[in-house]
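Working notes for the structure below.
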Amino acid sequence: MSFFERGRPVAAICHAPWMLVEADVVSGRVLTSWPSLRTDIRNAGGTWVDRQVQVCEQGPNTLITSREPGDLEAFDEAFLEAFARQAA
(Lines give C-alpha, C1' and ligand atoms only; values in the text may rest on other atoms or scores of the structure.)
Protein backbone atom coordinates (compact mmCIF):
# COMPACT_ATOMS: atom_id res chain seq x y z
CA MET A 1 0.00 0.00 0.00
CA SER A 2 1.41 3.39 -0.95
CA PHE A 3 1.79 6.35 1.37
CA PHE A 4 -0.97 8.07 -0.58
CA GLU A 5 -3.40 5.18 0.02
CA ARG A 6 -2.77 5.00 3.78
CA GLY A 7 -5.05 7.93 4.51
CA ARG A 8 -2.30 10.33 5.48
CA PRO A 9 -2.58 13.99 4.44
CA VAL A 10 -0.56 14.92 1.37
CA ALA A 11 0.35 18.51 0.49
CA ALA A 12 1.76 20.01 -2.70
CA ILE A 13 2.42 23.61 -3.72
CA CYS A 14 3.34 25.37 -6.97
CA HIS A 15 4.64 22.79 -9.49
CA ALA A 16 4.65 19.86 -7.02
CA PRO A 17 1.21 18.60 -8.17
CA TRP A 18 3.02 17.39 -11.32
CA MET A 19 4.38 14.57 -9.14
CA LEU A 20 0.80 13.68 -8.21
CA VAL A 21 -0.14 13.62 -11.91
CA GLU A 22 2.81 11.32 -12.62
CA ALA A 23 1.82 9.09 -9.69
CA ASP A 24 -1.69 8.82 -11.19
CA VAL A 25 -3.46 9.96 -8.01
CA VAL A 26 -5.39 13.08 -9.13
CA SER A 27 -8.33 11.45 -10.92
CA GLY A 28 -11.57 12.53 -9.24
CA ARG A 29 -9.77 15.02 -6.99
CA VAL A 30 -10.07 18.82 -6.87
CA LEU A 31 -6.77 20.67 -6.63
CA THR A 32 -4.93 23.85 -7.45
CA SER A 33 -1.38 24.52 -8.61
CA TRP A 34 0.73 26.90 -10.62
CA PRO A 35 -1.61 27.77 -13.53
CA SER A 36 0.54 26.13 -16.21
CA LEU A 37 -0.30 22.70 -14.73
CA ARG A 38 -4.06 23.16 -15.28
CA THR A 39 -4.21 21.17 -18.53
CA ASP A 40 -2.10 18.28 -17.20
CA ILE A 41 -4.26 18.02 -14.08
CA ARG A 42 -7.45 18.02 -16.14
CA ASN A 43 -6.02 15.45 -18.57
CA ALA A 44 -5.20 13.23 -15.58
CA GLY A 45 -8.86 13.34 -14.49
CA GLY A 46 -8.58 15.98 -11.80
CA THR A 47 -10.49 19.23 -11.45
CA TRP A 48 -8.26 22.32 -11.38
CA VAL A 49 -9.41 25.42 -9.48
CA ASP A 50 -7.77 28.83 -9.14
CA ARG A 51 -7.75 29.23 -5.35
CA GLN A 52 -5.14 30.21 -2.81
CA VAL A 53 -5.47 26.80 -1.17
CA GLN A 54 -7.64 23.79 -1.99
CA VAL A 55 -8.39 21.04 0.50
CA CYS A 56 -9.82 17.91 -1.14
CA GLU A 57 -11.11 15.15 1.10
CA GLN A 58 -12.50 13.01 -1.70
CA GLY A 59 -10.43 9.88 -2.08
CA PRO A 60 -8.21 7.90 0.25
CA ASN A 61 -6.71 10.92 2.04
CA THR A 62 -6.80 14.67 2.50
CA LEU A 63 -5.03 16.44 -0.36
CA ILE A 64 -3.92 20.03 0.29
CA THR A 65 -2.70 22.03 -2.70
CA SER A 66 -1.74 25.64 -3.29
CA ARG A 67 -0.77 27.77 -6.28
CA GLU A 68 2.43 29.58 -5.40
CA PRO A 69 4.82 30.67 -2.63
CA GLY A 70 2.68 33.80 -2.08
CA ASP A 71 -0.07 31.48 -0.81
CA LEU A 72 2.20 29.86 1.76
CA GLU A 73 0.44 31.17 4.89
CA ALA A 74 -2.96 29.73 3.87
CA PHE A 75 -1.25 26.54 2.66
CA ASP A 76 0.53 26.08 6.01
CA GLU A 77 -2.69 26.64 7.98
CA ALA A 78 -4.60 24.05 5.93
CA PHE A 79 -1.70 21.60 6.20
CA LEU A 80 -1.49 21.93 9.99
CA GLU A 81 -5.27 21.56 10.38
CA ALA A 82 -5.23 18.35 8.33
CA PHE A 83 -2.41 16.87 10.42
CA ALA A 84 -4.15 17.88 13.67
CA ARG A 85 -7.32 16.06 12.55
CA GLN A 86 -5.21 13.01 11.64
CA ALA A 87 -3.60 12.98 15.09
CA ALA A 88 -6.88 13.32 17.01
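A note on labels: chains of the C-alpha coordinates are A, B, ... as shown, every chain counts residues from 1, and ligands are counted from 1 in their shown order.
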
**Study point:** Contacts of Ala87 of chain A within 12 Å, only C-alpha atoms, excl. fewer than 2 positions in-chain, as number ranges by chain
**Key:** A: 7-9, 80-85

Once DSSP has gone over the backbone, tell me which residues of chain A are in alpha helix (DSSP H), as a CSV table (one decimal) with N, CA and C atoms, in the first residue's frame.
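Once written, part-v7.csv looks like this:
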chain,number,residue,atom,x,y,z
A,17,PRO,N,2.3,19.5,-7.7
A,17,PRO,CA,1.2,18.6,-8.2
A,17,PRO,C,1.5,17.8,-9.4
A,18,TRP,N,2.6,18.2,-10.2
A,18,TRP,CA,3.0,17.4,-11.3
A,18,TRP,C,3.4,16.0,-10.9
A,19,MET,N,4.0,15.9,-9.7
A,19,MET,CA,4.4,14.6,-9.1
A,19,MET,C,3.1,13.7,-8.9
A,20,LEU,N,2.1,14.4,-8.4
A,20,LEU,CA,0.8,13.7,-8.2
A,20,LEU,C,0.2,13.2,-9.5
A,21,VAL,N,0.3,14.0,-10.6
A,21,VAL,CA,-0.1,13.6,-11.9
A,21,VAL,C,0.6,12.4,-12.4
A,22,GLU,N,2.0,12.4,-12.2
A,22,GLU,CA,2.8,11.3,-12.6
A,22,GLU,C,2.5,10.1,-11.8
A,38,ARG,N,-2.6,23.4,-15.1
A,38,ARG,CA,-4.1,23.2,-15.3
A,38,ARG,C,-4.4,22.1,-16.3
A,39,THR,N,-3.9,22.1,-17.5
A,39,THR,CA,-4.2,21.2,-18.5
A,39,THR,C,-3.8,19.8,-18.2
A,40,ASP,N,-2.6,19.6,-17.6
A,40,ASP,CA,-2.1,18.3,-17.2
A,40,ASP,C,-3.0,17.7,-16.1
A,41,ILE,N,-3.4,18.5,-15.2
A,41,ILE,CA,-4.3,18.0,-14.1
A,41,ILE,C,-5.6,17.6,-14.6
A,42,ARG,N,-6.2,18.4,-15.5
A,42,ARG,CA,-7.4,18.0,-16.1
A,42,ARG,C,-7.3,16.8,-17.0
A,43,ASN,N,-6.2,16.6,-17.7
A,43,ASN,CA,-6.0,15.4,-18.6
A,43,ASN,C,-5.8,14.2,-17.7
A,72,LEU,N,1.6,30.8,0.8
A,72,LEU,CA,2.2,29.9,1.8
A,72,LEU,C,1.5,29.9,3.1
A,73,GLU,N,1.1,31.1,3.6
A,73,GLU,CA,0.4,31.2,4.9
A,73,GLU,C,-0.9,30.3,4.9
A,74,ALA,N,-1.7,30.5,3.9
A,74,ALA,CA,-3.0,29.7,3.9
A,74,ALA,C,-2.7,28.2,3.7
A,75,PHE,N,-1.7,27.9,2.9
A,75,PHE,CA,-1.2,26.5,2.7
A,75,PHE,C,-0.8,25.9,4.0
A,76,ASP,N,0.0,26.6,4.7
A,76,ASP,CA,0.5,26.1,6.0
A,76,ASP,C,-0.6,25.8,7.0
A,77,GLU,N,-1.6,26.8,7.1
A,77,GLU,CA,-2.7,26.6,8.0
A,77,GLU,C,-3.5,25.4,7.6
A,78,ALA,N,-3.8,25.2,6.4
A,78,ALA,CA,-4.6,24.1,5.9
A,78,ALA,C,-3.8,22.8,6.2
A,79,PHE,N,-2.5,22.8,6.0
A,79,PHE,CA,-1.7,21.6,6.2
A,79,PHE,C,-1.7,21.2,7.7
A,80,LEU,N,-1.5,22.2,8.6
A,80,LEU,CA,-1.5,21.9,10.0
A,80,LEU,C,-2.8,21.4,10.5
A,81,GLU,N,-3.9,22.0,10.0
A,81,GLU,CA,-5.3,21.6,10.4
A,81,GLU,C,-5.5,20.1,10.0
A,82,ALA,N,-5.1,19.7,8.8
A,82,ALA,CA,-5.2,18.3,8.3
A,82,ALA,C,-4.4,17.4,9.2
A,83,PHE,N,-3.2,17.7,9.6
A,83,PHE,CA,-2.4,16.9,10.4
A,83,PHE,C,-3.0,16.8,11.8
A,84,ALA,N,-3.5,17.9,12.3
A,84,ALA,CA,-4.1,17.9,13.7
A,84,ALA,C,-5.4,16.9,13.7
A,85,ARG,N,-6.2,17.0,12.6
A,85,ARG,CA,-7.3,16.1,12.6
A,85,ARG,C,-6.8,14.6,12.5
A,86,GLN,N,-5.8,14.4,11.8
A,86,GLN,CA,-5.2,13.0,11.6
A,86,GLN,C,-4.7,12.5,13.0
A,87,ALA,N,-4.2,13.4,13.8
A,87,ALA,CA,-3.6,13.0,15.1
A,87,ALA,C,-4.7,12.8,16.2

Practice item. Find the residues near Asp71 of chain A: any atom within 12 Å, counting only C-alpha atoms, skip ones fewer than 4 places away on the same chain, and give them as a PyMOL selection string. Key: chain A and resi 12-14+32-34+50-54+65-67+75-78

Keeping only N, CA and C atoms, write the selected residues as a PDB file, in the first residue's frame.
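Saved file part_5.pdb follows:
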ATOM      1  N   ALA A  12       0.919  19.663  -1.552  1.00  0.00           N
ATOM      2  CA  ALA A  12       1.761  20.013  -2.700  1.00  0.00           C
ATOM      3  C   ALA A  12       1.493  21.464  -3.077  1.00  0.00           C
ATOM      4  N   ILE A  13       2.549  22.201  -3.364  1.00  0.00           N
ATOM      5  CA  ILE A  13       2.415  23.608  -3.717  1.00  0.00           C
ATOM      6  C   ILE A  13       3.182  23.894  -5.007  1.00  0.00           C
ATOM      7  N   CYS A  14       2.700  24.866  -5.754  1.00  0.00           N
ATOM      8  CA  CYS A  14       3.340  25.370  -6.968  1.00  0.00           C
ATOM      9  C   CYS A  14       3.358  24.294  -8.066  1.00  0.00           C
ATOM     10  N   THR A  32      -5.459  22.658  -6.818  1.00  0.00           N
ATOM     11  CA  THR A  32      -4.929  23.851  -7.446  1.00  0.00           C
ATOM     12  C   THR A  32      -3.421  23.685  -7.594  1.00  0.00           C
ATOM     13  N   SER A  33      -2.815  24.593  -8.347  1.00  0.00           N
ATOM     14  CA  SER A  33      -1.379  24.515  -8.613  1.00  0.00           C
ATOM     15  C   SER A  33      -0.969  25.795  -9.323  1.00  0.00           C
ATOM     16  N   TRP A  34       0.291  25.846  -9.712  1.00  0.00           N
ATOM     17  CA  TRP A  34       0.731  26.897 -10.621  1.00  0.00           C
ATOM     18  C   TRP A  34      -0.131  26.763 -11.880  1.00  0.00           C
ATOM     19  N   ASP A  50      -8.689  27.725  -9.389  1.00  0.00           N
ATOM     20  CA  ASP A  50      -7.769  28.832  -9.137  1.00  0.00           C
ATOM     21  C   ASP A  50      -8.090  29.417  -7.766  1.00  0.00           C
ATOM     22  N   ARG A  51      -7.532  28.800  -6.734  1.00  0.00           N
ATOM     23  CA  ARG A  51      -7.745  29.230  -5.350  1.00  0.00           C
ATOM     24  C   ARG A  51      -6.407  29.267  -4.633  1.00  0.00           C
ATOM     25  N   GLN A  52      -6.360  30.093  -3.601  1.00  0.00           N
ATOM     26  CA  GLN A  52      -5.142  30.205  -2.806  1.00  0.00           C
ATOM     27  C   GLN A  52      -4.742  28.852  -2.226  1.00  0.00           C
ATOM     28  N   VAL A  53      -5.705  28.146  -1.698  1.00  0.00           N
ATOM     29  CA  VAL A  53      -5.468  26.799  -1.171  1.00  0.00           C
ATOM     30  C   VAL A  53      -6.719  25.969  -1.431  1.00  0.00           C
ATOM     31  N   GLN A  54      -6.522  24.709  -1.754  1.00  0.00           N
ATOM     32  CA  GLN A  54      -7.639  23.792  -1.990  1.00  0.00           C
ATOM     33  C   GLN A  54      -7.427  22.557  -1.132  1.00  0.00           C
ATOM     34  N   THR A  65      -3.520  21.465  -1.629  1.00  0.00           N
ATOM     35  CA  THR A  65      -2.703  22.029  -2.703  1.00  0.00           C
ATOM     36  C   THR A  65      -2.807  23.549  -2.684  1.00  0.00           C
ATOM     37  N   SER A  66      -1.784  24.187  -3.222  1.00  0.00           N
ATOM     38  CA  SER A  66      -1.736  25.636  -3.288  1.00  0.00           C
ATOM     39  C   SER A  66      -1.020  26.056  -4.560  1.00  0.00           C
ATOM     40  N   ARG A  67      -1.255  27.308  -4.984  1.00  0.00           N
ATOM     41  CA  ARG A  67      -0.766  27.774  -6.280  1.00  0.00           C
ATOM     42  C   ARG A  67       0.695  28.183  -6.311  1.00  0.00           C
ATOM     43  N   PHE A  75      -1.657  27.924   2.887  1.00  0.00           N
ATOM     44  CA  PHE A  75      -1.246  26.540   2.661  1.00  0.00           C
ATOM     45  C   PHE A  75      -0.801  25.898   3.975  1.00  0.00           C
ATOM     46  N   ASP A  76       0.043  26.603   4.725  1.00  0.00           N
ATOM     47  CA  ASP A  76       0.531  26.084   6.007  1.00  0.00           C
ATOM     48  C   ASP A  76      -0.613  25.847   6.988  1.00  0.00           C
ATOM     49  N   GLU A  77      -1.551  26.785   7.064  1.00  0.00           N
ATOM     50  CA  GLU A  77      -2.688  26.638   7.978  1.00  0.00           C
ATOM     51  C   GLU A  77      -3.514  25.396   7.633  1.00  0.00           C
ATOM     52  N   ALA A  78      -3.811  25.213   6.355  1.00  0.00           N
ATOM     53  CA  ALA A  78      -4.599  24.053   5.929  1.00  0.00           C
ATOM     54  C   ALA A  78      -3.846  22.754   6.207  1.00  0.00           C
TER      55      ALA A  78
END

Exercise for review: Run DSSP on the backbone and grab whatever in chain A lands in strand (DSSP E or B); send it over as a list in words.
Suggested key: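 DSSP-assigned strand (DSSP E or B) residues in chain A: Val10, Ala11, Ala12, Ile13, Val30, Leu31, Thr47, Trp48, Val53, Gln54, Val55, Cys56, Leu63, Ile64, Thr65 and Ser66 of chain A.
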
**Study point:** Proximity to Phe3 of chain A - best of A:Pro35, A:Ala23, A:Val49, A:Ala88, only C-alpha atoms
**Key:**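 Smallest separation from Phe3 of chain A among the options: A:Ala23.
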
Check your understanding: Pick from A:Glu68, A:Phe4, A:Ala16, A:Val55: nearest to Val30 of chain A, with only C-alpha atoms counted?
Key ->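 Under the stated criterion, the closest residue is A:Val55.
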
Check your understanding: When you draw a straight line from atom CA of Thr62 of chain A to atom CA of Arg6 of chain A, how long is it in Å?
Key ->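 A separation of 10.6 Å between them.
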
Exercise for review: Figure out the distance between atom CA of Ala44 of chain A and atom CA of His15 of chain A, please, to one decimal in Å.
Suggested key: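 So the answer is 15.0 Å.
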
Check your understanding: In Å to one decimal, how far is atom CA of Ile64 of chain A from atom CA of Gly46 of chain A?
Key ->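 So the two atoms, atom CA of Gly46 of chain A and atom CA of Ile64 of chain A, lie 13.6 Å apart.
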